[in-house]
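Below is the file target-v2.cif, which contains mmCIF, C-alpha atoms.
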data_query
#
loop_
_atom_site.group_PDB
_atom_site.id
_atom_site.type_symbol
_atom_site.label_atom_id
_atom_site.label_comp_id
_atom_site.auth_asym_id
_atom_site.auth_seq_id
_atom_site.Cartn_x
_atom_site.Cartn_y
_atom_site.Cartn_z
ATOM 1 C CA MET A 1191 -13.248 3.301 -1.468
ATOM 2 C CA ILE A 1192 -14.080 6.239 -3.730
ATOM 3 C CA ILE A 1193 -10.444 7.314 -4.039
ATOM 4 C CA LEU A 1194 -9.323 3.771 -4.882
ATOM 5 C CA ALA A 1195 -12.211 3.167 -7.299
ATOM 6 C CA ARG A 1196 -11.261 6.256 -9.333
ATOM 7 C CA GLY A 1197 -8.065 4.420 -10.363
ATOM 8 C CA LYS A 1198 -5.740 7.428 -10.075
ATOM 9 C CA CYS A 1199 -3.506 6.105 -7.308
ATOM 10 C CA GLY A 1200 -0.695 4.797 -9.503
ATOM 11 C CA LEU A 1201 -1.672 1.157 -8.905
ATOM 12 C CA THR A 1202 -2.510 -1.464 -11.512
ATOM 13 C CA ARG A 1203 -6.198 -2.143 -12.202
ATOM 14 C CA CYS A 1204 -5.821 -5.609 -10.702
ATOM 15 C CA ILE A 1205 -4.479 -4.292 -7.370
ATOM 16 C CA THR A 1206 -7.051 -1.480 -7.403
ATOM 17 C CA HIS A 1207 -9.896 -4.013 -7.697
ATOM 18 C CA TYR A 1208 -8.594 -6.012 -4.734
ATOM 19 C CA LEU A 1209 -8.022 -2.951 -2.531
ATOM 20 C CA THR A 1210 -11.447 -1.482 -3.334
ATOM 21 C CA ALA A 1211 -13.158 -4.790 -2.535
ATOM 22 C CA MET A 1212 -11.158 -5.079 0.698
ATOM 23 C CA ALA A 1213 -12.151 -1.533 1.683
ATOM 24 C CA ALA A 1214 -15.821 -2.405 1.070
ATOM 25 C CA ALA A 1215 -15.535 -5.580 3.172
ATOM 26 C CA ASP A 1216 -13.781 -3.674 5.969
ATOM 27 C CA LEU A 1217 -16.586 -1.101 5.967
ATOM 28 C CA LEU A 1218 -19.129 -3.942 6.311
ATOM 29 C CA VAL A 1219 -17.164 -5.336 9.276
ATOM 30 C CA VAL A 1220 -17.222 -1.985 11.059
ATOM 31 C CA PHE A 1221 -20.926 -1.480 10.336
ATOM 32 C CA SER A 1222 -22.122 -4.992 11.244
ATOM 33 C CA ASN A 1223 -19.918 -5.431 14.338
ATOM 34 C CA ALA A 1224 -19.734 -1.965 15.867
ATOM 35 C CA ALA A 1225 -22.077 0.586 14.279
ATOM 36 C CA THR A 1226 -25.230 -1.550 14.531
ATOM 37 C CA GLY A 1227 -24.876 -1.840 18.306
ATOM 38 C CA ILE A 1228 -24.658 1.940 18.616
ATOM 39 C CA ILE A 1229 -27.682 2.353 16.303
ATOM 40 C CA PHE A 1230 -29.781 -0.118 18.312
ATOM 41 C CA ASN A 1231 -28.877 1.581 21.600
ATOM 42 C CA ALA A 1232 -29.588 5.048 20.212
ATOM 43 C CA VAL A 1233 -32.873 4.204 18.482
ATOM 44 C CA TYR A 1234 -34.395 1.473 20.631
ATOM 45 C CA SER A 1235 -32.513 1.940 23.931
ATOM 46 C CA ARG A 1236 -32.748 -1.834 24.300
ATOM 47 C CA MET A 1237 -31.806 -5.070 22.559
ATOM 48 C CA PRO A 1238 -33.258 -5.520 19.048
ATOM 49 C CA HIS A 1239 -35.769 -8.149 17.940
ATOM 50 C CA THR A 1240 -34.338 -11.675 17.866
ATOM 51 C CA VAL A 1241 -34.609 -11.926 14.063
ATOM 52 C CA VAL A 1242 -32.783 -8.616 13.596
ATOM 53 C CA CYS A 1243 -30.129 -9.602 16.127
ATOM 54 C CA THR A 1244 -29.608 -12.968 14.414
ATOM 55 C CA LEU A 1245 -29.337 -11.422 10.953
ATOM 56 C CA GLN A 1246 -26.835 -8.915 12.323
ATOM 57 C CA ASN A 1247 -24.690 -11.787 13.645
ATOM 58 C CA VAL A 1248 -24.830 -13.600 10.298
ATOM 59 C CA MET A 1249 -23.802 -10.379 8.555
ATOM 60 C CA ALA A 1250 -20.989 -9.897 11.043
ATOM 61 C CA PHE A 1251 -19.577 -13.385 10.405
ATOM 62 C CA ALA A 1252 -19.957 -13.038 6.628
ATOM 63 C CA SER A 1253 -18.243 -9.636 6.559
ATOM 64 C CA PHE A 1254 -15.331 -11.016 8.584
ATOM 65 C CA ASP A 1255 -14.986 -13.863 6.092
ATOM 66 C CA CYS A 1256 -14.963 -11.393 3.186
ATOM 67 C CA SER A 1257 -12.337 -9.195 4.808
ATOM 68 C CA VAL A 1258 -10.070 -12.112 5.734
ATOM 69 C CA TRP A 1259 -10.277 -14.075 2.479
ATOM 70 C CA LEU A 1260 -9.894 -10.983 0.305
ATOM 71 C CA THR A 1261 -6.642 -10.376 2.196
ATOM 72 C CA VAL A 1262 -5.636 -13.938 1.306
ATOM 73 C CA ALA A 1263 -6.620 -13.426 -2.350
ATOM 74 C CA PHE A 1264 -4.647 -10.186 -2.529
ATOM 75 C CA THR A 1265 -1.610 -11.792 -0.852
ATOM 76 C CA PHE A 1266 -1.711 -14.727 -3.282
ATOM 77 C CA ASP A 1267 -2.061 -12.395 -6.264
ATOM 78 C CA ARG A 1268 1.056 -10.461 -5.194
ATOM 79 C CA PHE A 1269 2.884 -13.730 -4.452
ATOM 80 C CA VAL A 1270 2.254 -14.912 -8.017
ATOM 81 C CA ALA A 1271 3.206 -11.508 -9.461
ATOM 82 C CA ILE A 1272 6.539 -11.469 -7.621
ATOM 83 C CA CYS A 1273 7.572 -15.134 -7.635
ATOM 84 C CA TYR A 1274 6.123 -16.556 -10.880
ATOM 85 C CA GLN A 1275 6.631 -14.136 -13.769
ATOM 86 C CA LYS A 1276 5.343 -16.527 -16.459
ATOM 87 C CA PHE A 1277 2.150 -17.431 -14.606
ATOM 88 C CA LYS A 1278 1.662 -13.755 -13.696
ATOM 89 C CA ILE A 1279 0.582 -12.896 -17.263
ATOM 90 C CA LYS A 1280 -2.358 -15.313 -17.087
ATOM 91 C CA TYR A 1281 -3.336 -14.987 -13.425
ATOM 92 C CA CYS A 1282 -2.756 -11.342 -12.426
ATOM 93 C CA THR A 1283 -5.519 -9.867 -14.573
ATOM 94 C CA VAL A 1284 -8.608 -7.768 -13.934
ATOM 95 C CA ARG A 1285 -10.857 -10.673 -14.967
ATOM 96 C CA THR A 1286 -9.243 -13.030 -12.447
ATOM 97 C CA ALA A 1287 -9.489 -10.371 -9.736
ATOM 98 C CA ARG A 1288 -13.208 -9.887 -10.403
ATOM 99 C CA ILE A 1289 -13.863 -13.637 -10.327
ATOM 100 C CA ALA A 1290 -11.885 -14.027 -7.087
ATOM 101 C CA ILE A 1291 -13.672 -11.106 -5.419
ATOM 102 C CA GLY A 1292 -17.136 -12.276 -6.525
ATOM 103 C CA THR A 1293 -16.406 -15.828 -5.355
ATOM 104 C CA VAL A 1294 -15.202 -14.655 -1.936
ATOM 105 C CA TYR A 1295 -18.288 -12.505 -1.378
ATOM 106 C CA ALA A 1296 -20.719 -15.243 -2.504
ATOM 107 C CA LEU A 1297 -19.124 -18.086 -0.540
ATOM 108 C CA SER A 1298 -18.735 -15.930 2.575
ATOM 109 C CA LEU A 1299 -22.470 -15.258 2.623
ATOM 110 C CA LEU A 1300 -23.533 -18.821 1.790
ATOM 111 C CA ARG A 1301 -21.363 -20.566 4.350
ATOM 112 C CA ASN A 1302 -22.608 -18.358 7.195
ATOM 113 C CA ILE A 1303 -26.341 -18.927 6.581
ATOM 114 C CA PRO A 1304 -26.405 -21.844 9.102
ATOM 115 C CA TYR A 1305 -25.544 -19.335 11.835
ATOM 116 C CA TYR A 1306 -29.090 -18.018 11.534
ATOM 117 C CA PHE A 1307 -30.293 -21.260 13.171
ATOM 118 C CA ALA A 1308 -27.609 -21.258 15.900
ATOM 119 C CA PHE A 1309 -29.219 -18.435 17.919
ATOM 120 C CA GLU A 1310 -32.291 -18.148 20.090
ATOM 121 C CA SER A 1311 -34.041 -15.373 22.023
ATOM 122 C CA TYR A 1312 -32.156 -13.925 24.980
ATOM 123 C CA GLU A 1313 -35.318 -14.125 27.075
ATOM 124 C CA LEU A 1314 -37.727 -17.055 27.256
ATOM 125 C CA TYR A 1315 -40.962 -16.494 25.272
ATOM 126 C CA VAL A 1316 -39.898 -12.910 24.458
ATOM 127 C CA PRO A 1317 -38.240 -12.283 21.041
ATOM 128 C CA ILE A 1318 -35.623 -9.869 22.377
ATOM 129 C CA GLY A 1319 -31.909 -10.098 21.650
ATOM 130 C CA CYS A 1320 -30.170 -13.329 20.689
ATOM 131 C CA VAL A 1321 -27.741 -15.774 22.226
ATOM 132 C CA GLU A 1322 -26.125 -18.976 21.003
ATOM 133 C CA LYS A 1323 -28.210 -22.076 21.687
ATOM 134 C CA LEU A 1324 -26.891 -24.426 24.344
ATOM 135 C CA GLU A 1325 -26.670 -27.312 21.850
ATOM 136 C CA TYR A 1326 -24.369 -25.202 19.667
ATOM 137 C CA HIS A 1327 -21.525 -26.103 22.041
ATOM 138 C CA TYR A 1328 -22.403 -29.804 22.481
ATOM 139 C CA LEU A 1329 -24.144 -31.371 19.468
ATOM 140 C CA PRO A 1330 -21.655 -33.068 17.088
ATOM 141 C CA GLY A 1331 -23.085 -31.323 14.011
ATOM 142 C CA TRP A 1332 -22.757 -27.849 15.499
ATOM 143 C CA LEU A 1333 -19.315 -28.645 16.910
ATOM 144 C CA ALA A 1334 -18.152 -29.757 13.463
ATOM 145 C CA PHE A 1335 -19.619 -26.580 11.948
ATOM 146 C CA SER A 1336 -17.902 -24.424 14.587
ATOM 147 C CA TRP A 1337 -14.530 -26.098 14.014
ATOM 148 C CA LEU A 1338 -14.875 -25.810 10.234
ATOM 149 C CA HIS A 1339 -15.885 -22.154 10.517
ATOM 150 C CA ASN A 1340 -12.927 -21.269 12.736
ATOM 151 C CA ILE A 1341 -10.491 -23.296 10.645
ATOM 152 C CA LEU A 1342 -11.598 -21.436 7.514
ATOM 153 C CA THR A 1343 -11.559 -18.095 9.384
ATOM 154 C CA PRO A 1344 -9.057 -17.315 10.745
ATOM 155 C CA LEU A 1345 -6.770 -20.356 11.250
ATOM 156 C CA LEU A 1346 -6.233 -21.358 7.606
ATOM 157 C CA PRO A 1347 -5.904 -17.776 6.262
ATOM 158 C CA PHE A 1348 -3.563 -16.901 9.146
ATOM 159 C CA PHE A 1349 -1.071 -19.637 8.268
ATOM 160 C CA VAL A 1350 -1.543 -19.273 4.483
ATOM 161 C CA ILE A 1351 -0.701 -15.567 4.625
ATOM 162 C CA LEU A 1352 2.266 -16.263 6.879
ATOM 163 C CA LEU A 1353 3.566 -18.956 4.494
ATOM 164 C CA LEU A 1354 3.066 -16.803 1.377
ATOM 165 C CA ASN A 1355 4.914 -13.907 2.993
ATOM 166 C CA ILE A 1356 7.840 -16.151 3.924
ATOM 167 C CA LEU A 1357 8.045 -17.541 0.384
ATOM 168 C CA THR A 1358 7.751 -14.045 -1.112
ATOM 169 C CA VAL A 1359 10.544 -12.678 1.081
ATOM 170 C CA ARG A 1360 12.734 -15.652 0.207
ATOM 171 C CA SER A 1361 12.124 -15.152 -3.520
ATOM 172 C CA ILE A 1362 12.914 -11.435 -3.302
ATOM 173 C CA LEU A 1363 16.129 -12.008 -1.376
ATOM 174 C CA VAL A 1364 17.321 -14.665 -3.847
ATOM 175 C CA ALA A 1365 16.464 -12.490 -6.869
ATOM 176 C CA SER A 1366 18.057 -9.429 -5.292
ATOM 177 C CA ARG A 1367 21.285 -11.310 -4.524
ATOM 178 C CA ALA A 1368 21.477 -12.725 -8.041
ATOM 179 C CA ARG A 1369 20.870 -9.335 -9.689
ATOM 180 C CA ARG A 1370 23.507 -7.637 -7.537
ATOM 181 C CA LYS A 1371 26.106 -10.244 -8.511
ATOM 182 C CA LEU A 1372 25.167 -9.976 -12.204
ATOM 183 C CA ARG A 1373 25.316 -6.183 -12.219
ATOM 184 C CA ALA A 1374 28.624 -6.171 -10.342
ATOM 185 C CA HIS A 1375 30.068 -8.683 -12.829
ATOM 186 C CA VAL A 1376 28.853 -6.720 -15.877
ATOM 187 C CA SER A 1377 29.583 -3.162 -14.765
ATOM 188 C CA GLY A 1378 32.368 -3.842 -12.292
ATOM 189 C CA GLU A 1379 30.695 -1.627 -9.682
ATOM 190 C CA ARG A 1380 27.630 -1.704 -7.535
ATOM 191 C CA LYS A 1381 25.007 0.811 -8.556
ATOM 192 C CA VAL A 1382 21.440 1.381 -7.503
ATOM 193 C CA ASP A 1383 19.139 -1.070 -9.276
ATOM 194 C CA PRO A 1384 15.936 0.792 -10.228
ATOM 195 C CA GLU A 1385 14.048 -2.443 -10.960
ATOM 196 C CA MET A 1386 14.801 -3.976 -7.551
ATOM 197 C CA GLU A 1387 13.987 -0.691 -5.828
ATOM 198 C CA SER A 1388 10.656 -0.598 -7.650
ATOM 199 C CA ARG A 1389 9.952 -4.222 -6.725
ATOM 200 C CA MET A 1390 10.806 -3.633 -3.082
ATOM 201 C CA LYS A 1391 8.503 -0.602 -2.934
ATOM 202 C CA SER A 1392 5.676 -2.500 -4.610
ATOM 203 C CA ILE A 1393 5.613 -5.163 -1.878
ATOM 204 C CA VAL A 1394 5.582 -2.694 1.033
ATOM 205 C CA LEU A 1395 1.794 -2.500 0.732
ATOM 206 C CA LEU A 1396 1.498 -6.300 0.662
ATOM 207 C CA PHE A 1397 3.591 -6.831 3.787
ATOM 208 C CA CYS A 1398 1.885 -4.023 5.689
ATOM 209 C CA VAL A 1399 -1.620 -5.352 4.957
ATOM 210 C CA SER A 1400 -0.855 -9.030 5.593
ATOM 211 C CA GLY A 1401 1.495 -8.284 8.509
ATOM 212 C CA SER A 1402 -1.171 -6.175 10.188
ATOM 213 C CA PHE A 1403 -3.676 -9.004 9.683
ATOM 214 C CA ILE A 1404 -1.355 -11.559 11.319
ATOM 215 C CA LEU A 1405 -0.556 -9.380 14.342
ATOM 216 C CA LEU A 1406 -4.132 -8.282 15.021
ATOM 217 C CA TRP A 1407 -5.614 -11.790 14.633
ATOM 218 C CA LEU A 1408 -2.902 -13.489 16.723
ATOM 219 C CA THR A 1409 -4.795 -13.081 20.026
ATOM 220 C CA GLU A 1410 -8.036 -14.431 18.524
ATOM 221 C CA VAL A 1411 -6.259 -17.482 17.087
ATOM 222 C CA THR A 1412 -4.450 -18.188 20.373
ATOM 223 C CA VAL A 1413 -7.639 -17.912 22.460
ATOM 224 C CA PHE A 1414 -9.578 -20.134 20.028
ATOM 225 C CA ILE A 1415 -6.946 -22.885 20.114
ATOM 226 C CA HIS A 1416 -6.671 -22.755 23.919
ATOM 227 C CA SER A 1417 -10.447 -22.709 24.557
ATOM 228 C CA HIS A 1418 -11.101 -25.676 22.248
ATOM 229 C CA VAL A 1419 -8.150 -27.738 23.452
ATOM 230 C CA ALA A 1420 -9.097 -27.097 27.099
ATOM 231 C CA ASN A 1421 -12.853 -27.348 26.261
ATOM 232 C CA ILE A 1422 -13.608 -23.974 27.893
ATOM 233 C CA HIS A 1423 -16.591 -22.136 26.382
ATOM 234 C CA ALA A 1424 -17.860 -20.100 29.355
ATOM 235 C CA TYR A 1425 -16.154 -17.912 31.936
ATOM 236 C CA PRO A 1426 -17.252 -17.315 35.559
ATOM 237 C CA ASN A 1427 -17.000 -13.507 35.397
ATOM 238 C CA TRP A 1428 -15.754 -10.587 33.318
ATOM 239 C CA ALA A 1429 -12.515 -10.389 35.310
ATOM 240 C CA HIS A 1430 -11.488 -13.919 34.289
ATOM 241 C CA PRO A 1431 -8.158 -13.778 32.367
ATOM 242 C CA MET A 1432 -9.499 -15.878 29.489
ATOM 243 C CA PHE A 1433 -12.578 -13.673 29.125
ATOM 244 C CA MET A 1434 -10.342 -10.597 29.049
ATOM 245 C CA ALA A 1435 -8.154 -12.262 26.402
ATOM 246 C CA PHE A 1436 -11.288 -13.212 24.420
ATOM 247 C CA SER A 1437 -12.576 -9.618 24.566
ATOM 248 C CA ALA A 1438 -9.163 -8.244 23.566
ATOM 249 C CA GLY A 1439 -8.997 -10.664 20.635
ATOM 250 C CA ASP A 1440 -12.500 -9.677 19.542
ATOM 251 C CA MET A 1441 -11.580 -5.987 19.686
ATOM 252 C CA LEU A 1442 -8.315 -6.489 17.782
ATOM 253 C CA LYS A 1443 -9.916 -8.505 14.968
ATOM 254 C CA ILE A 1444 -12.480 -5.732 14.435
ATOM 255 C CA LEU A 1445 -9.643 -3.211 14.543
ATOM 256 C CA SER A 1446 -7.855 -5.181 11.805
ATOM 257 C CA SER A 1447 -10.577 -4.107 9.372
ATOM 258 C CA CYS A 1448 -9.921 -0.432 10.163
ATOM 259 C CA THR A 1449 -6.141 -0.431 9.796
ATOM 260 C CA ASN A 1450 -6.052 -1.092 6.030
ATOM 261 C CA THR A 1451 -7.298 2.411 5.252
ATOM 262 C CA PHE A 1452 -4.408 3.943 7.193
ATOM 263 C CA ILE A 1453 -1.956 1.486 5.621
ATOM 264 C CA TYR A 1454 -3.034 2.556 2.127
ATOM 265 C CA ILE A 1455 -2.488 6.215 3.037
ATOM 266 C CA LEU A 1456 0.856 5.740 4.788
ATOM 267 C CA THR A 1457 2.494 3.467 2.209
ATOM 268 C CA GLN A 1458 1.294 4.936 -1.093
ATOM 269 C CA SER A 1459 2.222 8.517 -2.019
ATOM 270 C CA LYS A 1460 -0.388 8.661 -4.803
ATOM 271 C CA ILE A 1461 -3.179 7.719 -2.395
ATOM 272 C CA ARG A 1462 -1.993 10.425 0.012
ATOM 273 C CA GLU A 1463 -2.039 12.930 -2.839
ATOM 274 C CA GLU A 1464 -5.557 11.894 -3.933
ATOM 275 C CA LEU A 1465 -6.765 12.109 -0.347
ATOM 276 C CA ARG A 1466 -5.406 15.647 -0.028
ATOM 277 C CA ASN A 1467 -7.128 16.581 -3.285
ATOM 278 C CA ALA A 1468 -10.424 15.116 -2.026
ATOM 279 C CA ILE A 1469 -10.183 17.108 1.214
ATOM 280 C CA LYS A 1470 -9.311 20.341 -0.600
ATOM 281 C CA TYR A 1471 -11.951 19.901 -3.338
ATOM 282 C CA PRO A 1472 -15.029 21.334 -1.513
ATOM 283 C CA PHE A 1473 -13.028 24.306 -0.191
ATOM 284 C CA THR A 1474 -11.636 24.991 -3.678
ATOM 285 C CA LYS A 1475 -15.168 24.941 -5.101
ATOM 286 C CA LEU A 1476 -16.448 27.276 -2.373
ATOM 287 C CA LEU A 1477 -13.601 29.702 -2.999
ATOM 288 C CA GLY A 1478 -14.306 29.566 -6.733
ATOM 289 C CA VAL A 1479 -17.977 30.415 -6.162
ATOM 290 C CA ALA A 1480 -17.097 33.190 -3.689
ATOM 291 C CA THR A 1481 -14.670 34.886 -6.071
ATOM 292 C CA GLN A 1482 -17.101 34.914 -9.004
#
Could you express the structure from this file as structure tokens?
Amino acid sequence: MIILARGKCGLTRCITHYLTAMAAADLLVVFSNAATGIIFNAVYSRMPHTVVCTLQNVMAFASFDCSVWLTVAFTFDRFVAICYQKFKIKYCTVRTARIAIGTVYALSLLRNIPYYFAFESYELYVPIGCVEKLEYHYLPGWLAFSWLHNILTPLLPFFVILLLNILTVRSILVASRARRKLRAHVSGERKVDPEMESRMKSIVLLFCVSGSFILLWLTEVTVFIHSHVANIHAYPNWAHPMFMAFSAGDMLKILSSCTNTFIYILTQSKIREELRNAIKYPFTKLLGVATQ
């Protein structure tokens, strides 16, 4: 987050805003879904108070929404930049990026507030831990809320990102073919096209981020569709195949929030360079002090 926020990675300010916001959302996912459990076990050695547990679940859902929909916003921004050059001037701006990021964060928090009322204490008359209320799986209102929540995250983003990537690839292939024919007609020989090379490199980051999202959320989407079509919401034991698939999907969707950091480093030479500088900085300072 710090390296991206400094704006020295060779990326436009618009892309930098999106990537920094995505890194912040991914950090929230890791903290609210994984780190809090470790903290509770280390500090309390037992389940937290029901209110704390419920708030942690709301935060977990909201952070997932932020991470997913910021990926959608970033994918759409790059889709516009690559496929619609005229609209790009108006849409792909820092102001639009800030509005999109602020809207995603605000709506993600607001739409997950009802989850606070979907949980109850794990033990009767003792405010310890939290578990979904029985009526959450049967009352029409809660069922509608659950379907809407899962459609908005991750079903709709999953297919939107997939569609945008297909359209972006198609646009690039058409433009690349047309430019090759034009250059061959004008120059009479095929040479390396710096503009197309630059464009192809610029979308590597987009495809890596959105492709990783699609692959790592695929299990979660498949399990959700199967469980709701078959009306299966509980499993007899931990060895049940569907419970194992559910657990794997849950693990992979949390992992999807960790992969972006590595994608940034692997696909962008400037980010790798800034990361090396950040690692070397304290040692350089210590050496400077020692030699004085």
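Using all atoms listed in the file for every distance, the candidate list A:Ile1455, A:Ala1438, A:Ala1263, A:Ile1279 yields A:Ala1263 as the residue closest to Thr1293 in chain A.
Excluding range 1357-1363 of chain A itself and any same-chain residue fewer than 2 positions from it, the protein and nucleic acid residues within 9 Å of it, counting all atoms listed in the file, are Arg1268, Phe1269, Val1270, Ile1272, Cys1273, Leu1352, Leu1353, Leu1354, Asn1355, Ala1365, Ser1366, Arg1367, Ala1368, Met1386, Arg1389 and Met1390 of chain A.
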Closest pair table for range 1229-1315 of chain A residues within 12 Å of range 1191-1212 of chain A, all atoms listed in the file, as CSV:
residue,atom,partner,partner_atom,distance
A:Ser1253,CA,A:Met1212,CA,10.3
A:Phe1254,CA,A:Met1212,CA,10.7
A:Asp1255,CA,A:Met1212,CA,11.0
A:Cys1256,CA,A:Met1212,CA,7.8
A:Ser1257,CA,A:Met1212,CA,5.9
A:Val1258,CA,A:Met1212,CA,8.7
A:Trp1259,CA,A:Met1212,CA,9.2
A:Leu1260,CA,A:Met1212,CA,6.1
A:Thr1261,CA,A:Met1212,CA,7.1
A:Val1262,CA,A:Tyr1208,CA,10.4
A:Ala1263,CA,A:Tyr1208,CA,8.0
A:Phe1264,CA,A:Tyr1208,CA,6.2
A:Thr1265,CA,A:Tyr1208,CA,9.9
A:Phe1266,CA,A:Tyr1208,CA,11.2
A:Asp1267,CA,A:Ile1205,CA,8.5
A:Arg1268,CA,A:Ile1205,CA,8.6
A:Ala1271,CA,A:Ile1205,CA,10.7
A:Lys1278,CA,A:Cys1204,CA,11.5
A:Ile1279,CA,A:Cys1204,CA,11.7
A:Tyr1281,CA,A:Cys1204,CA,10.1
A:Cys1282,CA,A:Cys1204,CA,6.7
A:Thr1283,CA,A:Cys1204,CA,5.8
A:Val1284,CA,A:Cys1204,CA,4.8
A:Arg1285,CA,A:Cys1204,CA,8.3
A:Thr1286,CA,A:Cys1204,CA,8.4
A:Ala1287,CA,A:Cys1204,CA,6.1
A:Arg1288,CA,A:His1207,CA,7.3
A:Ile1289,CA,A:His1207,CA,10.7
A:Ala1290,CA,A:Tyr1208,CA,9.0
A:Ile1291,CA,A:Ala1211,CA,7.0
A:Gly1292,CA,A:Ala1211,CA,9.4
A:Thr1293,CA,A:Ala1211,CA,11.8
A:Val1294,CA,A:Ala1211,CA,10.1
A:Tyr1295,CA,A:Ala1211,CA,9.3
>> So, with all atoms listed in the file as the atoms that count, which of A:Tyr1454, A:Phe1277, A:Phe1309, A:Phe1349 lies closest to Cys1398 in chain A?
In response: A:Tyr1454
Near range 1403-1423 of chain A, 8 Å: range 1240-1355 of chain A residue rows, closest pairs, only C-alpha atoms, as CSV:
residue,atom,partner,partner_atom,distance
A:His1327,CA,A:His1423,CA,7.7
A:Pro1344,CA,A:Val1411,CA,6.9
A:Leu1345,CA,A:Val1411,CA,6.5
A:Phe1348,CA,A:Ile1404,CA,6.2
A:Ile1351,CA,A:Ile1404,CA,7.8
A:Leu1352,CA,A:Ile1404,CA,7.4
> Closest to Cys1320 in chain A among A:Gly1401, A:Pro1304, A:Pro1238, A:Pro1431, using all atoms listed in the file?
Replying inline: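 Closest residue, counting all atoms listed in the file: A:Pro1238.
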> Got a sec: who's within 12 Å of Glu1325 in chain A, counting all atoms listed in the file, leaving out chain neighbours fewer than 5 positions off, as a list in words?
Replying inline: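 Here the qualifying residues turn out to be Phe1307, Ala1308, Phe1309, Glu1310, Pro1330, Gly1331, Trp1332, Leu1333 and Ser1336 of chain A.
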>> Rounded to one decimal, what separation in Å do you get between CA of Ser1447 in chain A and CA of Ala1215 in chain A?
In response: 8.1 Å
Taking all heavy atoms as the atom set, what does range 1338-1342 of chain A look like once completed, written as a tab-separated table (two decimals), keeping the file's coordinate frame?
chain	number	residue	atom	x	y	z
A	1338	LEU	N	-15.10	-26.12	11.65
A	1338	LEU	CA	-14.88	-25.81	10.23
A	1338	LEU	C	-14.87	-24.30	10.02
A	1338	LEU	O	-14.01	-23.78	9.29
A	1338	LEU	CB	-15.98	-26.45	9.38
A	1338	LEU	CG	-15.88	-26.19	7.86
A	1338	LEU	CD1	-14.61	-26.79	7.30
A	1338	LEU	CD2	-17.10	-26.77	7.15
A	1339	HIS	N	-15.81	-23.60	10.67
A	1339	HIS	CA	-15.88	-22.15	10.52
A	1339	HIS	C	-14.59	-21.49	11.00
A	1339	HIS	O	-14.03	-20.62	10.33
A	1339	HIS	CB	-17.07	-21.61	11.30
A	1339	HIS	CG	-17.16	-20.11	11.30
A	1339	HIS	ND1	-17.77	-19.42	10.28
A	1339	HIS	CD2	-16.69	-19.17	12.18
A	1339	HIS	CE1	-17.67	-18.12	10.53
A	1339	HIS	NE2	-17.03	-17.95	11.66
A	1340	ASN	N	-14.11	-21.91	12.17
A	1340	ASN	CA	-12.93	-21.27	12.74
A	1340	ASN	C	-11.64	-21.70	12.04
A	1340	ASN	O	-10.66	-20.95	12.06
A	1340	ASN	CB	-12.84	-21.57	14.24
A	1340	ASN	CG	-13.84	-20.78	15.05
A	1340	ASN	OD1	-13.64	-19.62	15.35
A	1340	ASN	ND2	-14.97	-21.41	15.38
A	1341	ILE	N	-11.66	-22.89	11.44
A	1341	ILE	CA	-10.49	-23.30	10.64
A	1341	ILE	C	-10.41	-22.45	9.38
A	1341	ILE	O	-9.33	-21.99	9.00
A	1341	ILE	CB	-10.57	-24.79	10.30
A	1341	ILE	CG1	-10.28	-25.63	11.56
A	1341	ILE	CG2	-9.58	-25.16	9.19
A	1341	ILE	CD1	-10.50	-27.12	11.37
A	1342	LEU	N	-11.58	-22.23	8.74
A	1342	LEU	CA	-11.60	-21.44	7.51
A	1342	LEU	C	-11.37	-19.96	7.79
A	1342	LEU	O	-10.84	-19.23	6.95
A	1342	LEU	CB	-12.93	-21.64	6.79
A	1342	LEU	CG	-13.14	-23.03	6.18
A	1342	LEU	CD1	-14.53	-23.14	5.58
A	1342	LEU	CD2	-12.09	-23.35	5.13
